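Trainee: For reference, this is structure.cif, and it has mmCIF, C-alpha atoms and all ligand atoms.
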```
data_coords
loop_
_atom_site.label_atom_id
_atom_site.label_comp_id
_atom_site.auth_asym_id
_atom_site.auth_seq_id
_atom_site.Cartn_x
_atom_site.Cartn_y
_atom_site.Cartn_z
CA MET A 1 69.61 -8.33 -45.99
CA GLU A 2 66.10 -9.70 -46.14
CA THR A 3 65.27 -12.18 -43.35
CA LYS A 4 64.45 -15.69 -44.51
CA LEU A 5 62.76 -18.46 -42.63
CA LYS A 6 64.59 -21.79 -42.84
CA ILE A 7 62.46 -24.93 -43.04
CA ALA A 8 63.75 -28.51 -42.76
CA ILE A 9 61.85 -31.23 -44.60
CA GLN A 10 62.61 -34.92 -45.23
CA LYS A 11 65.05 -35.44 -48.08
CA SER A 12 63.54 -38.69 -49.29
CA GLY A 13 60.98 -41.06 -47.85
CA ARG A 14 57.33 -41.05 -46.93
CA LEU A 15 57.05 -37.41 -45.88
CA ASN A 16 59.09 -35.89 -48.70
CA GLU A 17 56.43 -35.54 -51.42
CA ASP A 18 53.62 -34.34 -49.16
CA SER A 19 55.91 -31.81 -47.46
CA ILE A 20 56.88 -30.34 -50.83
CA ARG A 21 53.27 -30.42 -51.98
CA ILE A 22 51.90 -28.50 -48.99
CA LEU A 23 54.49 -25.72 -49.55
CA LYS A 24 53.75 -25.57 -53.29
CA GLU A 25 49.99 -25.47 -52.68
CA ALA A 26 50.66 -22.57 -50.34
CA GLY A 27 51.99 -20.82 -53.45
CA ILE A 28 55.68 -21.15 -52.58
CA GLU A 29 57.87 -21.97 -55.56
CA PHE A 30 61.29 -23.55 -55.32
CA ASN A 31 63.45 -25.96 -57.23
CA ASN A 32 63.48 -29.36 -55.56
CA GLY A 33 65.84 -31.11 -57.97
CA LEU A 34 67.20 -34.50 -56.90
CA ASN A 35 70.22 -34.55 -54.59
CA LYS A 36 69.74 -30.96 -53.57
CA LEU A 37 70.45 -30.21 -49.93
CA LYS A 38 69.10 -26.68 -50.00
CA ALA A 39 66.75 -24.61 -52.11
CA GLU A 40 65.64 -21.01 -51.99
CA ALA A 41 62.04 -20.06 -52.69
CA TYR A 42 61.65 -17.56 -55.56
CA ASN A 43 58.55 -15.83 -54.30
CA PHE A 44 58.53 -16.17 -50.49
CA PRO A 45 61.24 -15.51 -47.85
CA LEU A 46 61.87 -19.22 -47.26
CA GLU A 47 64.89 -21.48 -47.52
CA VAL A 48 64.26 -25.22 -47.69
CA PHE A 49 66.73 -27.75 -46.23
CA PHE A 50 66.40 -31.41 -47.24
CA LEU A 51 67.43 -33.65 -44.32
CA ARG A 52 66.92 -37.07 -42.72
CA ASP A 53 63.72 -36.93 -40.74
CA ASP A 54 65.43 -38.22 -37.56
CA ASP A 55 67.71 -35.18 -37.51
CA ILE A 56 64.99 -32.55 -37.96
CA PRO A 57 63.97 -32.12 -34.27
CA GLN A 58 67.60 -31.48 -33.27
CA TYR A 59 68.19 -28.98 -36.10
CA VAL A 60 65.05 -27.08 -35.14
CA GLU A 61 65.92 -27.08 -31.43
CA ASP A 62 69.38 -25.71 -32.26
CA GLY A 63 67.98 -23.10 -34.64
CA ILE A 64 69.97 -24.42 -37.63
CA ALA A 65 66.48 -24.64 -39.12
CA ASP A 66 63.73 -22.34 -37.78
CA ILE A 67 60.90 -24.73 -38.51
CA GLY A 68 60.51 -28.29 -39.79
CA ILE A 69 58.07 -30.94 -40.92
CA VAL A 70 58.36 -34.25 -39.08
CA GLY A 71 56.24 -37.16 -37.83
CA GLU A 72 54.98 -36.89 -34.25
CA ASN A 73 56.53 -40.33 -33.67
CA VAL A 74 60.03 -39.00 -34.40
CA LEU A 75 59.37 -35.80 -32.49
CA ILE A 76 58.31 -37.58 -29.30
CA GLU A 77 61.10 -40.17 -29.55
CA LYS A 78 63.76 -37.47 -29.88
CA ASN A 79 62.27 -35.44 -27.04
CA LYS A 80 63.65 -32.07 -28.20
CA LYS A 81 62.52 -28.64 -27.05
CA VAL A 82 60.51 -27.41 -30.03
CA SER A 83 56.88 -26.30 -30.39
CA ILE A 84 54.21 -27.92 -32.54
CA VAL A 85 52.54 -25.13 -34.55
CA ASN A 86 50.26 -27.08 -36.87
CA LYS A 87 49.09 -30.62 -37.56
CA LEU A 88 49.36 -31.27 -41.27
CA GLY A 89 46.97 -34.16 -41.91
CA PHE A 90 49.38 -36.40 -43.84
CA GLY A 91 51.90 -39.13 -42.89
CA LYS A 92 49.28 -40.76 -40.71
CA CYS A 93 50.41 -43.95 -39.04
CA ARG A 94 50.52 -45.66 -35.66
CA LEU A 95 53.31 -47.08 -33.57
CA SER A 96 52.19 -50.55 -32.57
CA ILE A 97 53.34 -53.70 -30.85
CA ALA A 98 53.06 -56.86 -32.93
CA ILE A 99 53.72 -60.52 -32.19
CA PRO A 100 53.87 -63.68 -34.34
CA LYS A 101 50.38 -64.37 -35.76
CA ASN A 102 49.98 -67.83 -34.28
CA GLU A 103 50.67 -66.78 -30.73
CA LYS A 104 47.81 -66.27 -28.29
CA TYR A 105 47.28 -62.78 -26.92
CA LYS A 106 44.74 -61.91 -24.25
CA SER A 107 46.01 -58.72 -22.69
CA ILE A 108 49.04 -56.54 -22.29
CA GLN A 109 50.17 -58.84 -19.44
CA ASP A 110 51.23 -61.29 -22.15
CA LEU A 111 54.15 -58.97 -22.92
CA GLU A 112 55.63 -59.48 -19.44
CA GLY A 113 59.23 -60.71 -19.66
CA LYS A 114 59.25 -60.62 -23.48
CA ARG A 115 62.02 -59.26 -25.71
CA ILE A 116 60.70 -56.44 -27.92
CA ALA A 117 62.67 -55.07 -30.88
CA THR A 118 62.13 -51.42 -31.85
CA SER A 119 63.66 -48.19 -33.16
CA TYR A 120 61.44 -46.31 -30.70
CA SER A 121 62.89 -47.26 -27.32
CA VAL A 122 62.00 -43.98 -25.59
CA ILE A 123 58.31 -44.15 -26.50
CA LEU A 124 58.12 -47.90 -25.91
CA SER A 125 59.75 -47.80 -22.49
CA LYS A 126 57.33 -45.05 -21.36
CA PHE A 127 54.41 -47.11 -22.60
CA LEU A 128 55.59 -50.26 -20.79
CA LYS A 129 56.21 -48.35 -17.61
CA LYS A 130 52.75 -46.78 -17.70
CA ASN A 131 51.25 -50.25 -18.07
CA LYS A 132 53.54 -51.75 -15.40
CA ILE A 133 55.06 -54.29 -17.77
CA ASN A 134 58.65 -55.48 -17.47
CA ALA A 135 60.04 -56.34 -20.87
CA GLU A 136 63.44 -56.25 -22.48
CA ILE A 137 63.81 -53.59 -25.20
CA HIS A 138 66.17 -54.36 -28.10
CA GLU A 139 66.96 -51.16 -29.91
CA ILE A 140 67.60 -51.69 -33.63
CA SER A 141 67.64 -49.06 -36.33
CA GLY A 142 65.89 -50.78 -39.24
CA SER A 143 64.15 -53.92 -40.57
CA VAL A 144 62.48 -54.32 -37.20
CA GLU A 145 59.75 -56.52 -38.66
CA ILE A 146 62.10 -59.46 -39.28
CA ALA A 147 63.39 -59.57 -35.68
CA PRO A 148 60.98 -62.31 -34.46
CA SER A 149 61.62 -64.62 -37.43
CA ILE A 150 65.41 -64.50 -36.94
CA GLY A 151 65.06 -65.13 -33.22
CA LEU A 152 66.18 -61.70 -32.08
CA ALA A 153 62.95 -60.85 -30.29
CA ASP A 154 59.51 -62.16 -29.28
CA ALA A 155 57.68 -59.04 -30.38
CA ILE A 156 58.26 -55.77 -32.21
CA CYS A 157 57.16 -52.17 -31.78
CA ASP A 158 57.11 -50.43 -35.15
CA LEU A 159 55.18 -48.04 -37.42
CA VAL A 160 52.11 -49.43 -39.14
CA SER A 161 49.73 -47.87 -41.63
CA SER A 162 47.83 -50.57 -43.54
CA GLY A 163 49.29 -53.54 -41.67
CA SER A 164 50.39 -55.29 -44.88
CA THR A 165 54.09 -55.32 -43.88
CA LEU A 166 53.17 -57.00 -40.59
CA PHE A 167 51.04 -59.54 -42.41
CA THR A 168 53.80 -60.44 -44.92
CA ASN A 169 56.15 -61.02 -42.02
CA GLY A 170 53.75 -63.32 -40.17
CA LEU A 171 52.93 -60.80 -37.44
CA LYS A 172 49.74 -59.40 -35.92
CA GLU A 173 49.16 -56.03 -34.26
CA VAL A 174 48.23 -56.35 -30.58
CA GLU A 175 48.68 -52.91 -28.99
CA VAL A 176 48.63 -49.34 -30.37
CA VAL A 177 51.28 -47.34 -28.53
CA LEU A 178 50.90 -44.00 -30.36
CA LYS A 179 48.94 -42.42 -33.22
CA SER A 180 50.95 -40.07 -35.37
CA GLU A 181 50.80 -37.62 -38.27
CA ALA A 182 53.14 -35.07 -39.79
CA VAL A 183 53.40 -31.79 -37.86
CA LEU A 184 54.96 -28.40 -38.42
CA VAL A 185 57.39 -27.64 -35.59
CA SER A 186 59.15 -24.43 -34.70
CA ASN A 187 62.19 -23.29 -32.76
CA ASN A 188 61.15 -21.81 -29.41
CA THR A 189 62.88 -18.46 -29.78
CA LEU A 190 62.23 -17.08 -33.26
CA SER A 191 63.01 -13.44 -33.97
CA LYS A 192 60.08 -11.09 -34.53
CA SER A 193 60.72 -10.94 -38.27
CA LYS A 194 60.83 -14.74 -38.53
CA GLU A 195 57.65 -15.00 -36.46
CA ASN A 196 55.98 -12.75 -39.02
CA ILE A 197 57.04 -14.95 -41.92
CA LEU A 198 55.90 -18.05 -40.03
CA GLU A 199 52.50 -16.47 -39.41
CA LYS A 200 52.09 -15.83 -43.14
CA LEU A 201 53.08 -19.39 -43.91
CA ILE A 202 50.62 -20.85 -41.37
CA PHE A 203 47.86 -18.61 -42.72
CA ARG A 204 48.45 -20.01 -46.22
CA ILE A 205 48.69 -23.63 -45.05
CA ASN A 206 45.41 -23.27 -43.18
CA ALA A 207 43.73 -21.83 -46.27
CA VAL A 208 44.86 -24.87 -48.26
CA LYS A 209 43.78 -27.33 -45.55
CA LYS A 210 40.38 -25.69 -45.22
CA ALA A 211 39.82 -25.66 -48.98
CA LYS A 212 40.47 -29.41 -49.12
CA ASN A 213 37.68 -30.03 -46.62
CA ASN A 214 35.14 -27.96 -48.56
CA LYS A 215 33.45 -28.01 -51.96
CA TYR A 216 31.83 -25.27 -54.01
CA ILE A 217 28.38 -26.29 -55.08
CA LEU A 218 26.07 -24.85 -57.76
CA LEU A 219 22.53 -25.97 -58.45
CA ASN A 220 19.26 -24.98 -60.06
CA ALA A 221 16.39 -24.51 -57.64
CA PRO A 222 12.68 -24.15 -58.38
CA ASN A 223 11.72 -20.73 -56.97
CA LYS A 224 8.82 -22.14 -55.00
CA ASN A 225 11.33 -24.17 -52.91
CA LEU A 226 14.06 -21.53 -52.75
CA ASP A 227 13.61 -20.79 -49.03
CA ALA A 228 13.70 -24.47 -48.09
CA ILE A 229 16.81 -25.04 -50.24
CA CYS A 230 18.66 -22.06 -48.75
CA LYS A 231 17.95 -23.39 -45.26
CA ILE A 232 19.72 -26.66 -46.15
CA LEU A 233 22.84 -24.88 -47.41
CA PRO A 234 25.28 -23.44 -44.86
CA GLY A 235 27.50 -21.25 -47.09
CA MET A 236 30.24 -18.91 -45.86
CA LYS A 237 27.77 -16.11 -45.14
CA SER A 238 24.63 -17.19 -46.94
CA PRO A 239 24.11 -18.77 -50.37
CA THR A 240 24.40 -16.68 -53.55
CA ILE A 241 21.16 -16.61 -55.58
CA LEU A 242 21.08 -15.65 -59.26
CA PRO A 243 17.97 -15.52 -61.48
CA LEU A 244 17.78 -17.87 -64.48
CA ALA A 245 16.26 -17.00 -67.87
CA ASP A 246 13.37 -19.28 -66.96
CA LYS A 247 11.50 -17.17 -64.38
CA ARG A 248 10.48 -20.20 -62.35
CA TRP A 249 14.08 -21.18 -61.51
CA SER A 250 17.18 -19.73 -59.78
CA SER A 251 20.82 -20.69 -59.65
CA VAL A 252 22.14 -21.18 -56.08
CA HIS A 253 25.86 -21.22 -55.13
CA SER A 254 27.31 -22.25 -51.79
CA VAL A 255 30.19 -23.93 -49.95
CA VAL A 256 29.65 -27.29 -48.30
CA ASN A 257 31.84 -29.22 -45.88
CA GLU A 258 33.06 -32.63 -47.04
CA ASN A 259 31.68 -34.36 -43.92
CA GLU A 260 28.09 -33.29 -44.46
CA PHE A 261 28.28 -33.28 -48.24
CA TRP A 262 26.22 -36.38 -49.20
CA ASP A 263 23.66 -35.68 -46.57
CA ILE A 264 23.09 -32.18 -47.96
CA ILE A 265 22.93 -33.39 -51.58
CA GLU A 266 20.16 -35.85 -50.66
CA LYS A 267 18.13 -33.15 -48.93
CA LEU A 268 18.59 -30.76 -51.88
CA LYS A 269 17.35 -33.36 -54.34
CA ALA A 270 14.35 -34.04 -52.15
CA LYS A 271 13.46 -30.32 -52.47
CA GLY A 272 13.65 -30.42 -56.27
CA ALA A 273 17.20 -29.17 -56.87
CA GLU A 274 18.55 -30.05 -60.33
CA GLY A 275 21.79 -29.79 -62.28
CA ILE A 276 23.93 -29.96 -59.15
CA LEU A 277 27.62 -29.19 -59.86
CA VAL A 278 30.38 -29.77 -57.32
CA ILE A 279 33.72 -28.00 -57.75
CA PRO A 280 36.95 -28.35 -55.74
CA ILE A 281 38.20 -25.21 -54.00
CA GLU A 282 41.88 -24.30 -54.27
CA LYS A 283 42.24 -21.87 -51.37
CA MET A 284 39.74 -20.74 -48.76
CA ILE A 285 40.12 -17.65 -46.59
CA VAL A 286 37.38 -16.94 -44.12
P1 LIG A 301 64.98 -41.11 -43.27
O1 LIG A 301 65.95 -41.63 -44.25
O2 LIG A 301 64.60 -39.68 -43.56
O3 LIG A 301 65.41 -41.32 -41.84
P2 LIG A 301 62.94 -43.12 -42.62
O4 LIG A 301 63.23 -44.42 -43.28
O5 LIG A 301 63.21 -42.94 -41.19
O6 LIG A 301 63.62 -41.94 -43.49
P3 LIG A 301 60.23 -43.12 -43.68
O7 LIG A 301 59.97 -44.58 -43.76
O8 LIG A 301 60.31 -42.35 -44.94
O9 LIG A 301 61.45 -42.74 -42.74
O10 LIG A 301 59.05 -42.52 -42.77
C1 LIG A 301 59.05 -41.17 -42.41
C2 LIG A 301 57.83 -40.91 -41.54
O11 LIG A 301 56.64 -41.21 -42.27
C3 LIG A 301 57.71 -41.77 -40.30
O12 LIG A 301 58.52 -41.32 -39.25
C4 LIG A 301 56.23 -41.63 -39.98
O13 LIG A 301 55.99 -40.42 -39.28
C5 LIG A 301 55.59 -41.52 -41.37
N1 LIG A 301 54.87 -42.75 -41.79
C6 LIG A 301 53.61 -42.80 -42.27
N2 LIG A 301 53.22 -44.05 -42.56
C7 LIG A 301 54.23 -44.85 -42.27
C8 LIG A 301 54.44 -46.27 -42.37
N3 LIG A 301 53.51 -47.10 -42.79
N4 LIG A 301 55.65 -46.73 -42.02
C9 LIG A 301 56.61 -45.91 -41.62
N5 LIG A 301 56.46 -44.56 -41.50
C10 LIG A 301 55.28 -44.02 -41.81
ZN ZN A 302 64.22 -41.67 -40.31
#
```
Please express the file's structure as structure tokens.
Ligand code: ATP
Ligand code: ZN

Mentor:
Amino acid sequence: METKLKIAIQKSGRLNEDSIRILKEAGIEFNNGLNKLKAEAYNFPLEVFFLRDDDIPQYVEDGIADIGIVGENVLIEKNKKVSIVNKLGFGKCRLSIAIPKNEKYKSIQDLEGKRIATSYSVILSKFLKKNKINAEIHEISGSVEIAPSIGLADAICDLVSSGSTLFTNGLKEVEVVLKSEAVLVSNNTLSKSKENILEKLIFRINAVKKAKNNKYILLNAPNKNLDAICKILPGMKSPTILPLADKRWSSVHSVVNENEFWDIIEKLKAKGAEGILVIPIEKMIV
């Protein structure tokens, strides 16, 4: 029988859509109909399990799933023996301590002796210990943000992305305990054949990630400035240059990184480039 790699992803919640999307962009097709617990890919040796995110580290450690997609926050809290193989760039958030907005806060010393509600007691207790703070941790599994208003705690330690949930609950963020994003994790003892499938998967995911950070750019360059324009463009090897019907002009094609994109466009325009077209790249293999 053909070996298949088993991947665990979140069944529903904040990581579900992006986890499915990254697999589909990697060209892997499967049916992710609602209420499905398991799906088999049609065109890649992969089986997808849909699970609660909190359970994924354990399943991967035990080898029930070979790999999984989970937030670093959950991974560190669960403290399981698995390896991180790739950071995925989505599900970005931070685990932060927040207190009622009207309270004064000067430094971490202000947490001394306080009651802090959280679902992340492992991470929080390490953080407090490192900062030599004695505080009482109240472990609760959900709706942490209402704990101060119902008198259960003086502070909370919870996940934040925009901060709007904190604000609606009359809280302010005072300490960042951990920054997190979704990661691909793997069981520590995969068979050789599963390793091979995982390598193919990582190769594809990297091609998708790289493509997202780059744009294909086409422009018309006056021949007299062609050298100067080519110097501005990085390209994968060097820019492609094609002659135009008008002998004084050429068409130049290249690949530009998102981070330096606007800077490069400005320089190109200054050298007389015209008709600049920018096109998204679907996959990029270098
Ligand atoms: P499950 O039912 O699977 O246990 P959950 O309620 O624990 O779901 P979600 O709220 O869907 O989990 O969050 C899943 C992950 O998404 C978090 O562990 C975290 O890594 C990430 N995340 C990103 N932004 C946020 C945010 N603003 N709040 C909470 N989690 C976030
Ligand atoms: Zn969860």

Trainee: Separation of CA of Ala8 in chain A and CA of Val70 in chain A, in Å?

Mentor: 8.7 Å

Trainee: Once you count all atoms listed in the file, which residues end up within 7 Å of ligand LIG 301 (chain A), and could you hand them over as a list in words?

Mentor: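 Result of the 7 Å neighbour search around ligand LIG 301 (chain A): Gln10, Lys11, Ser12, Gly13, Arg14, Leu15, Leu51, Arg52, Asp53, Asp54, Val70, Gly71, Glu72, Asn73, Val74, Gly91, Lys92, Cys93, Leu159, Val160, Ser161, Ser162, Ser180, Glu181 and Ala182 of chain A.
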
Trainee: Keeping only C-alpha atoms, write the selected residues to a file as a PDB file, in the frame of the given file.

Mentor:
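To be explicit, this is the file written out as again-v1.pdb:
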```
ATOM      1  CA  GLN A  10      62.610 -34.920 -45.230  1.00  0.00           C
ATOM      2  CA  LYS A  11      65.050 -35.440 -48.080  1.00  0.00           C
ATOM      3  CA  SER A  12      63.540 -38.690 -49.290  1.00  0.00           C
ATOM      4  CA  GLY A  13      60.980 -41.060 -47.850  1.00  0.00           C
ATOM      5  CA  ARG A  14      57.330 -41.050 -46.930  1.00  0.00           C
ATOM      6  CA  LEU A  15      57.050 -37.410 -45.880  1.00  0.00           C
ATOM      7  CA  LEU A  51      67.430 -33.650 -44.320  1.00  0.00           C
ATOM      8  CA  ARG A  52      66.920 -37.070 -42.720  1.00  0.00           C
ATOM      9  CA  ASP A  53      63.720 -36.930 -40.740  1.00  0.00           C
ATOM     10  CA  ASP A  54      65.430 -38.220 -37.560  1.00  0.00           C
ATOM     11  CA  VAL A  70      58.360 -34.250 -39.080  1.00  0.00           C
ATOM     12  CA  GLY A  71      56.240 -37.160 -37.830  1.00  0.00           C
ATOM     13  CA  GLU A  72      54.980 -36.890 -34.250  1.00  0.00           C
ATOM     14  CA  ASN A  73      56.530 -40.330 -33.670  1.00  0.00           C
ATOM     15  CA  VAL A  74      60.030 -39.000 -34.400  1.00  0.00           C
ATOM     16  CA  GLY A  91      51.900 -39.130 -42.890  1.00  0.00           C
ATOM     17  CA  LYS A  92      49.280 -40.760 -40.710  1.00  0.00           C
ATOM     18  CA  CYS A  93      50.410 -43.950 -39.040  1.00  0.00           C
ATOM     19  CA  LEU A 159      55.180 -48.040 -37.420  1.00  0.00           C
ATOM     20  CA  VAL A 160      52.110 -49.430 -39.140  1.00  0.00           C
ATOM     21  CA  SER A 161      49.730 -47.870 -41.630  1.00  0.00           C
ATOM     22  CA  SER A 162      47.830 -50.570 -43.540  1.00  0.00           C
ATOM     23  CA  SER A 180      50.950 -40.070 -35.370  1.00  0.00           C
ATOM     24  CA  GLU A 181      50.800 -37.620 -38.270  1.00  0.00           C
ATOM     25  CA  ALA A 182      53.140 -35.070 -39.790  1.00  0.00           C
TER      26      ALA A 182
END
```

Trainee: Hey, can you check how far CA of Glu260 in chain A sits from CA of Lys87 in chain A?

Mentor: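 Computing the Euclidean distance for CA of Glu260 in chain A and CA of Lys87 in chain A yields 22.3 Å.
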
Trainee: For a test of reading the model, state the distance in Å between CA of Val255 in chain A and CA of Pro280 in chain A, rounded to one decimal.

Mentor: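 Value for the CA of Val255 in chain A-CA of Pro280 in chain A distance: 9.9 Å.
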
Trainee: Check the smallest atom-to-atom distance from each of A:Asn31, A:Asn225, A:Asn213, A:Asn43 to Ile279 in chain A using all atoms listed in the file, then report the winner.

Mentor: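 Closest to Ile279 in chain A, using all atoms listed in the file: A:Asn213.
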
Trainee: Would you list the contacts of Lys271 in chain A as a list of chain:residue names, taking every protein, DNA or RNA residue within 12 Å and counting all atoms listed in the file, but skipping same-chain residues closer than 6 positions in sequence?

Mentor: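 Those residues are A:Leu219, A:Asn220, A:Ala221, A:Pro222, A:Asn223, A:Lys224, A:Asn225, A:Leu226, A:Asp227, A:Ala228, A:Ile229, A:Cys230, A:Lys231, A:Ile232, A:Leu233, A:Ile264, A:Ile265.
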
Trainee: Let me make sure I understand: among A:Glu47, A:Asp55, A:Glu112, A:Glu2, which one has the smallest atom-to-atom distance to ligand ZN 302 (chain A) if we use only C-alpha atoms and all ligand atoms?

Mentor: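 Looking at the shortest contact to ligand ZN 302 (chain A), the residue is A:Asp55.
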
Trainee: Which is closest to ligand ZN 302 (chain A) among A:Ala26, A:Ala153, A:Leu75, A:Val85, if we use all atoms listed in the file?

Mentor: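 The shortest atom-to-atom distance to ligand ZN 302 (chain A) comes from A:Leu75.
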
Trainee: Restricting the calculation to only C-alpha atoms: of A:Ile156, A:Ile84, A:Ala273, A:Val144, which residue gets closest to Lys114 in chain A?

Mentor: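 Nearest candidate to Lys114 in chain A out of A:Ile156, A:Ile84, A:Ala273, A:Val144: A:Ile156.
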
Trainee: Out of A:Met284, A:Val185, A:Leu171, A:Ile150, which residue has the shortest atom-to-atom distance to Lys212 in chain A when counting only C-alpha atoms?

Mentor: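 Closest to Lys212 in chain A of all the choices is A:Met284.
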
Trainee: From the list A:Asn196, A:Ser186, A:Asn206, A:Thr168, which residue is nearest Asp66 in chain A when using all atoms listed in the file?

Mentor: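 Among A:Asn196, A:Ser186, A:Asn206, A:Thr168, it is A:Ser186 that comes nearest to Asp66 in chain A.
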
Trainee: Could you complete range 66-77 of chain A so that it carries N, CA and C atoms, and give it back as a short mmCIF file (atom, residue, chain, number, x, y, z; two decimals), in the frame of the given file?

Mentor:
```cif
data_model
loop_
_atom_site.label_atom_id
_atom_site.label_comp_id
_atom_site.auth_asym_id
_atom_site.auth_seq_id
_atom_site.Cartn_x
_atom_site.Cartn_y
_atom_site.Cartn_z
N ASP A 66 64.69 -23.03 -38.66
CA ASP A 66 63.73 -22.34 -37.78
C ASP A 66 62.49 -23.19 -37.54
N ILE A 67 62.09 -23.88 -38.61
CA ILE A 67 60.90 -24.73 -38.51
C ILE A 67 61.18 -26.03 -39.26
N GLY A 68 60.31 -27.02 -39.10
CA GLY A 68 60.51 -28.29 -39.79
C GLY A 68 59.22 -29.07 -39.89
N ILE A 69 59.22 -30.03 -40.81
CA ILE A 69 58.07 -30.94 -40.92
C ILE A 69 58.56 -32.34 -40.57
N VAL A 70 57.90 -32.95 -39.57
CA VAL A 70 58.36 -34.25 -39.08
C VAL A 70 57.19 -35.02 -38.50
N GLY A 71 57.30 -36.35 -38.44
CA GLY A 71 56.24 -37.16 -37.83
C GLY A 71 56.25 -36.98 -36.32
N GLU A 72 55.06 -36.99 -35.72
CA GLU A 72 54.98 -36.89 -34.25
C GLU A 72 55.77 -38.01 -33.59
N ASN A 73 55.79 -39.19 -34.22
CA ASN A 73 56.53 -40.33 -33.67
C ASN A 73 58.01 -39.99 -33.48
N VAL A 74 58.61 -39.36 -34.49
CA VAL A 74 60.03 -39.00 -34.40
C VAL A 74 60.22 -37.89 -33.37
N LEU A 75 59.30 -36.93 -33.40
CA LEU A 75 59.37 -35.80 -32.49
C LEU A 75 59.36 -36.24 -31.02
N ILE A 76 58.44 -37.13 -30.68
CA ILE A 76 58.31 -37.58 -29.30
C ILE A 76 59.51 -38.45 -28.91
N GLU A 77 59.95 -39.30 -29.83
CA GLU A 77 61.10 -40.17 -29.55
C GLU A 77 62.34 -39.33 -29.26
#
```
